[in-house]
$ cat start_16.txt   # compact mmCIF, C-alpha atoms
# COMPACT_ATOMS: atom_id res chain seq x y z
CA MET K 652 -16.83 17.34 7.55
CA SER K 653 -13.56 17.56 9.41
CA ASN K 654 -10.38 17.37 7.33
CA PRO K 655 -7.50 15.04 8.03
CA ASP K 656 -4.43 16.98 9.02
CA GLY K 657 -2.24 16.96 5.93
CA THR K 658 -0.64 18.81 3.05
CA VAL K 659 -1.54 19.15 -0.63
CA PHE K 660 1.39 19.37 -3.04
CA VAL K 661 0.21 21.37 -6.05
CA VAL K 662 2.25 20.93 -9.24
CA ASP K 663 1.27 23.23 -12.12
CA ASP K 664 3.36 25.35 -14.48
CA ASP K 665 0.64 28.03 -14.61
CA PRO K 666 1.29 30.53 -11.77
CA THR K 667 -2.31 31.78 -11.89
CA MET K 668 -3.65 28.26 -11.44
CA ARG K 669 -1.15 27.58 -8.63
CA LYS K 670 -2.33 30.66 -6.74
CA ALA K 671 -5.97 29.78 -7.29
CA LEU K 672 -5.45 26.23 -6.02
CA ALA K 673 -3.48 27.50 -3.04
CA ARG K 674 -6.31 29.88 -2.09
CA LEU K 675 -8.88 27.12 -2.55
CA CYS K 676 -6.99 24.72 -0.27
CA GLN K 677 -6.41 27.39 2.35
CA SER K 678 -10.10 28.36 2.31
CA ALA K 679 -10.90 24.72 3.13
CA GLY K 680 -8.36 24.66 5.96
CA ILE K 681 -5.91 22.44 4.07
CA ARG K 682 -2.21 23.27 3.87
CA ALA K 683 -0.78 23.60 0.38
CA ARG K 684 2.74 23.71 -1.09
CA MET K 685 3.31 24.98 -4.61
CA PHE K 686 5.64 23.62 -7.31
CA ALA K 687 6.10 25.07 -10.80
CA SER K 688 7.30 21.81 -12.36
CA ALA K 689 7.47 18.08 -11.87
CA ARG K 690 11.25 18.30 -11.50
CA GLU K 691 10.86 20.83 -8.69
CA LEU K 692 8.72 18.36 -6.75
CA LEU K 693 11.14 15.48 -7.39
CA ASP K 694 14.02 17.60 -6.09
CA SER K 695 12.18 18.30 -2.84
CA PRO K 696 12.01 15.93 0.16
CA ALA K 697 9.45 13.14 -0.19
CA PRO K 698 6.02 14.13 1.15
CA GLU K 699 5.32 13.04 4.70
CA SER K 700 1.96 11.52 5.46
CA PRO K 701 -0.75 12.55 5.30
CA ALA K 702 -0.39 14.20 1.91
CA CYS K 703 -1.67 14.16 -1.63
CA ILE K 704 -0.52 15.63 -4.92
CA VAL K 705 -2.69 17.77 -7.20
CA LEU K 706 -0.96 17.47 -10.53
CA ASP K 707 -1.40 19.11 -13.93
CA VAL K 708 -1.16 16.57 -16.74
CA GLN K 709 0.50 18.67 -19.43
CA MET K 710 3.60 20.58 -18.36
CA PRO K 711 6.91 21.47 -20.01
CA GLY K 712 9.64 18.91 -19.41
CA LEU K 713 8.29 16.07 -17.29
CA SER K 714 4.56 15.70 -17.78
CA GLY K 715 2.18 14.79 -15.01
CA LEU K 716 2.10 11.17 -16.19
CA ASP K 717 5.92 11.12 -16.29
CA LEU K 718 6.00 12.37 -12.71
CA GLN K 719 3.54 9.68 -11.67
CA LYS K 720 5.91 7.04 -13.09
CA GLU K 721 8.94 8.62 -11.42
CA LEU K 722 7.26 8.69 -8.02
CA ALA K 723 6.23 5.05 -8.37
CA ALA K 724 9.79 4.13 -9.35
CA HIS K 725 10.98 5.71 -6.09
CA ASP K 726 8.23 3.85 -4.17
CA ILE K 727 6.47 7.10 -3.32
CA ARG K 728 2.78 6.16 -3.20
CA THR K 729 1.30 9.52 -2.25
CA PRO K 730 -2.22 9.70 -3.77
CA ILE K 731 -2.39 11.80 -6.93
CA VAL K 732 -5.28 13.89 -8.22
CA PHE K 733 -4.80 14.88 -11.87
CA ILE K 734 -6.21 18.06 -13.37
CA THR K 735 -6.18 18.89 -17.07
CA GLY K 736 -7.55 21.41 -19.52
CA HIS K 737 -8.12 18.69 -22.10
CA GLY K 738 -10.58 15.83 -21.69
CA ASP K 739 -8.31 13.08 -22.98
CA ILE K 740 -10.00 9.78 -22.14
CA PRO K 741 -7.05 7.47 -22.96
CA MET K 742 -4.81 9.69 -20.82
CA SER K 743 -7.24 9.57 -17.91
CA VAL K 744 -7.52 5.79 -18.21
CA GLN K 745 -3.73 5.50 -18.15
CA ALA K 746 -3.51 7.69 -15.05
CA MET K 747 -6.23 5.80 -13.19
CA ARG K 748 -4.73 2.41 -14.04
CA ALA K 749 -1.43 3.63 -12.62
CA GLY K 750 -3.18 4.41 -9.34
CA ALA K 751 -4.38 8.00 -9.64
CA MET K 752 -7.05 9.03 -7.15
CA ASP K 753 -9.07 10.99 -9.72
CA PHE K 754 -8.81 12.84 -13.02
CA LEU K 755 -10.59 16.20 -13.17
CA THR K 756 -11.07 18.24 -16.34
CA LYS K 757 -10.93 22.05 -16.18
CA PRO K 758 -13.11 23.87 -15.44
CA PHE K 759 -14.08 21.81 -12.41
CA HIS K 760 -16.14 22.74 -9.38
CA ASP K 761 -14.10 23.78 -6.36
CA LYS K 762 -16.27 21.57 -4.17
CA ASP K 763 -15.46 18.51 -6.28
CA LEU K 764 -11.71 19.08 -6.00
CA ILE K 765 -11.84 19.63 -2.24
CA GLU K 766 -13.87 16.45 -1.75
CA VAL K 767 -11.35 14.46 -3.78
CA ILE K 768 -8.44 16.00 -1.85
CA ARG K 769 -10.05 15.06 1.46
CA GLU K 770 -10.53 11.48 0.30
CA ALA K 771 -6.93 11.39 -0.97
CA LEU K 772 -5.61 12.54 2.41
CA LYS K 773 -7.67 9.88 4.18
CA LYS K 774 -6.39 7.27 1.74
CA ASP K 775 -2.79 8.29 2.43
CA VAL K 776 -3.35 7.82 6.16
CA ARG K 777 -4.64 4.30 5.50
CA LEU K 778 -1.78 3.46 3.15
CA THR K 779 0.84 4.75 5.59
CA SER K 780 -0.68 2.73 8.43
CA ALA K 781 -0.78 -0.41 6.27
CA ARG K 782 2.87 0.06 5.20
CA ALA K 783 3.99 0.48 8.81
CA GLU K 784 2.07 -2.62 9.87
CA ARG K 785 3.55 -4.65 7.01
CA GLU K 786 7.08 -3.54 7.89
CA THR K 787 6.51 -4.66 11.49
CA ILE K 788 5.27 -8.06 10.31
CA LEU K 789 8.25 -8.49 7.99
CA ARG K 790 10.69 -7.68 10.81
CA ARG K 791 9.05 -10.36 12.94
CA MET K 792 9.23 -12.85 10.09
CA GLN K 793 12.92 -12.13 9.66
CA ALA K 794 13.42 -13.16 13.30
CA LEU K 795 12.18 -16.68 12.52
CA THR K 796 14.79 -19.41 12.10
CA PRO K 797 14.76 -21.32 8.77
CA ARG K 798 12.94 -24.23 10.44
CA GLU K 799 10.44 -21.89 12.09
CA ARG K 800 9.77 -20.28 8.71
CA GLN K 801 9.04 -23.70 7.25
CA VAL K 802 6.60 -24.38 10.07
CA PHE K 803 5.08 -20.91 9.57
CA ASP K 804 4.49 -21.59 5.86
CA LEU K 805 2.81 -24.92 6.56
CA VAL K 806 0.71 -23.74 9.50
CA ILE K 807 -0.85 -20.93 7.45
CA GLN K 808 -1.84 -23.54 4.85
CA GLY K 809 -3.93 -25.32 7.48
CA LEU K 810 -1.75 -28.35 8.19
CA LEU K 811 -1.82 -30.14 11.53
CA ASN K 812 1.31 -30.64 13.63
CA LYS K 813 1.42 -34.32 12.69
CA GLN K 814 1.24 -33.53 8.98
CA ILE K 815 3.93 -30.86 9.27
CA GLY K 816 6.15 -33.29 11.13
CA GLY K 817 5.70 -35.84 8.34
CA LEU K 818 6.66 -33.30 5.72
CA LEU K 819 9.69 -31.99 7.63
CA GLY K 820 10.85 -35.31 9.10
CA ALA K 821 10.34 -34.20 12.70
CA SER K 822 8.28 -35.48 15.61
CA GLU K 823 4.92 -33.97 16.43
CA GLU K 824 6.30 -32.73 19.76
CA THR K 825 9.17 -30.96 18.00
CA ILE K 826 6.73 -29.28 15.64
CA LYS K 827 4.66 -28.13 18.63
CA VAL K 828 7.74 -26.40 20.04
CA HIS K 829 8.52 -24.70 16.72
CA ARG K 830 4.90 -23.70 16.28
CA ARG K 831 4.76 -22.13 19.74
CA ARG K 832 7.91 -20.14 18.99
CA VAL K 833 6.44 -18.98 15.68
CA MET K 834 3.32 -17.71 17.43
CA GLU K 835 5.41 -15.96 20.08
CA LYS K 836 7.72 -14.25 17.57
CA MET K 837 4.85 -13.20 15.33
CA GLN K 838 2.95 -11.99 18.42
CA VAL K 839 -0.36 -13.60 17.49
CA PRO K 840 -2.62 -15.72 19.72
CA SER K 841 -4.24 -17.89 17.05
CA VAL K 842 -3.72 -19.50 13.66
CA ALA K 843 -6.46 -17.30 12.23
CA GLU K 844 -4.48 -14.18 13.15
CA LEU K 845 -1.28 -15.78 11.86
CA VAL K 846 -3.00 -16.22 8.48
CA GLN K 847 -4.10 -12.58 8.58
CA VAL K 848 -0.57 -11.28 9.13
CA ALA K 849 0.70 -13.64 6.42
CA VAL K 850 -1.75 -12.10 3.96
CA LYS K 851 -0.63 -8.59 4.94
CA ALA K 852 2.99 -9.60 4.33
CA ASP K 853 2.10 -11.25 1.00
CA ALA K 854 3.22 -14.61 2.41
CA LEU K 855 -0.27 -15.93 1.67
CA LYS K 856 -2.53 -14.38 -0.92
CA PRO K 857 -6.11 -13.81 0.24
CA TRP K 858 -7.43 -15.75 -2.76
CA ASP K 859 -5.28 -18.81 -1.99
CA THR K 860 -7.14 -21.80 -0.60
CA PRO K 861 -5.35 -23.11 2.50
CA LEU K 862 -4.86 -26.86 2.68
CA ARG K 863 -7.46 -28.37 4.97
CA SER K 864 -6.35 -30.33 7.96
CA ARG K 865 -7.23 -34.00 7.63
CA ASP K 866 -8.02 -34.12 3.88
CA SER K 867 -4.79 -32.33 2.88
CA ILE K 868 -1.94 -34.83 2.83
CA PRO K 869 -2.00 -38.45 3.98
CA ASP K 870 0.23 -39.05 6.97
CA GLY K 871 3.78 -39.73 5.96
CA GLN K 872 3.27 -38.81 2.28
CA PRO K 873 5.78 -36.17 1.11
CA ALA K 874 4.53 -33.03 -0.54
CA SER K 875 5.93 -29.66 -1.49
CA PRO K 876 4.59 -26.59 0.31
CA ARG K 877 3.01 -24.11 -2.07
$ encode --input "start_16.txt" --output "structure tokens"
Amino acid sequence: MSNPDGTVFVVDDDPTMRKALARLCQSAGIRARMFASARELLDSPAPESPACIVLDVQMPGLSGLDLQKELAAHDIRTPIVFITGHGDIPMSVQAMRAGAMDFLTKPFHDKDLIEVIREALKKDVRLTSARAERETILRRMQALTPRERQVFDLVIQGLLNKQIGGLLGASEETIKVHRRRVMEKMQVPSVAELVQVAVKADALKPWDTPLRSRDSIPDGQPASPR
């Protein structure tokens, strides 16, 4: 299996374990950077994608779980693989709920760790791509005028131009103009794709049920957009 190009950030206060992990990563063709403490990692520049963090749970000062919280607080979402010498189930549950990639108990098989690292690097590539796409969508949304944003919000709920005009007190022709500008600014060719970008920007949750066209709102009856 080919490895994604990336870097593993190993955080462990045990120098012997750090060296062993470094050799293991290098033998698998994966770059590795070593850190003796959680604070040392926090004081370094944020990892650039693709990357993952192999993190010891119990360390002097900031623990592995503390570091996980600190990284999340700084919106650093690099995938984390925890390793520990103690099989603490509540601790592993806490780590996984907070988004950890995996939780391995020492001694673990080298093959298992490498497989998890590879998956973590692939995940980071996906996350980075999704973040970049979302930022692009948000920039396009910010270019919408207040009226265009209103039209955007109603279009993704499945309303027709006539219904939107009734809600906003505008003619159907005016709504058509606004709708065309929304599609142009969002750079999408169809309502279906507009809904997709809205979901990616959290403007419409995927589990929301869009209002259906003709059975949504009677013509001329006011309603509040969700």
$ residues_around --input "start_16.txt" --residues "Ala702 (chain K)" --least-positions-apart "4" --cutoff "9 Å" --atoms "all atoms listed in the file" --output "count of residues only"
13
$ closest_residue --input "start_16.txt" --among "K:Gln709, K:Thr825, K:Thr667, K:Ser743" --to "Asn812 (chain K)" --atoms "all atoms listed in the file"
K:Thr825
$ closest_residue --input "start_16.txt" --among "K:Lys836, K:Arg690, K:His725, K:Lys720" --to "Ala794 (chain K)" --atoms "only C-alpha atoms"
K:Lys836
$ closest_residue --input "start_16.txt" --among "K:Ala683, K:Val828, K:Leu818, K:Leu811" --to "Ala671 (chain K)" --atoms "only C-alpha atoms"
K:Ala683
$ residues_near_point --input "start_16.txt" --point "(5.9, 15.3, -12.9)" --cutoff "12 Å" --atoms "only C-alpha atoms" --output "PyMOL selection string"
chain K and resi 660-664+686-694+704-723+731+733
$ residues_around --input "start_16.txt" --residues "Gln847 (chain K)" --least-positions-apart "5" --cutoff "12 Å" --atoms "all atoms listed in the file" --output "JSON, numbers by chain"
{"K": [784, 785, 788, 807, 808, 837, 839, 840, 841, 842, 852, 853, 854, 855, 856, 857]}
$ atom_distance --input "start_16.txt" --atom1 "CA of Val806 (chain K)" --atom2 "CA of Ala821 (chain K)"
14.6 Å
$ closest_residue --input "start_16.txt" --among "K:Val732, K:Ala679, K:Ala781, K:Leu789" --to "Gly750 (chain K)" --atoms "all atoms listed in the file"
K:Val732
$ closest_residue --input "start_16.txt" --among "K:Val833, K:Val802, K:Ala843, K:Ile734" --to "Gly816 (chain K)" --atoms "all atoms listed in the file"
K:Val802
$ atom_distance --input "start_16.txt" --atom1 "CA of Ile765 (chain K)" --atom2 "CA of Cys676 (chain K)"
7.3 Å
$ residues_around --input "start_16.txt" --residues "Lys762 (chain K)" --least-positions-apart "2" --cutoff "12 Å" --atoms "all atoms listed in the file" --output "ChimeraX atom specification"
/K:672,675-676,678-679,755,758-760,764-769
$ closest_residue --input "start_16.txt" --among "K:Met742, K:Met685, K:Met668, K:Val846" --to "Gly809 (chain K)" --atoms "all atoms listed in the file"
K:Val846
$ axis_aligned_box --input "start_16.txt" --around "region 801-820 of chain K" --padding-each-side "4 Å" --output "lines of an AutoDock Vina configuration file"
center_x = 3.5
center_y = -28.4
center_z = 9.2
size_x = 22.8
size_y = 22.9
size_z = 16.8
$ atom_distance --input "start_16.txt" --atom1 "CA of Glu844 (chain K)" --atom2 "CA of Arg830 (chain K)"
13.7 Å
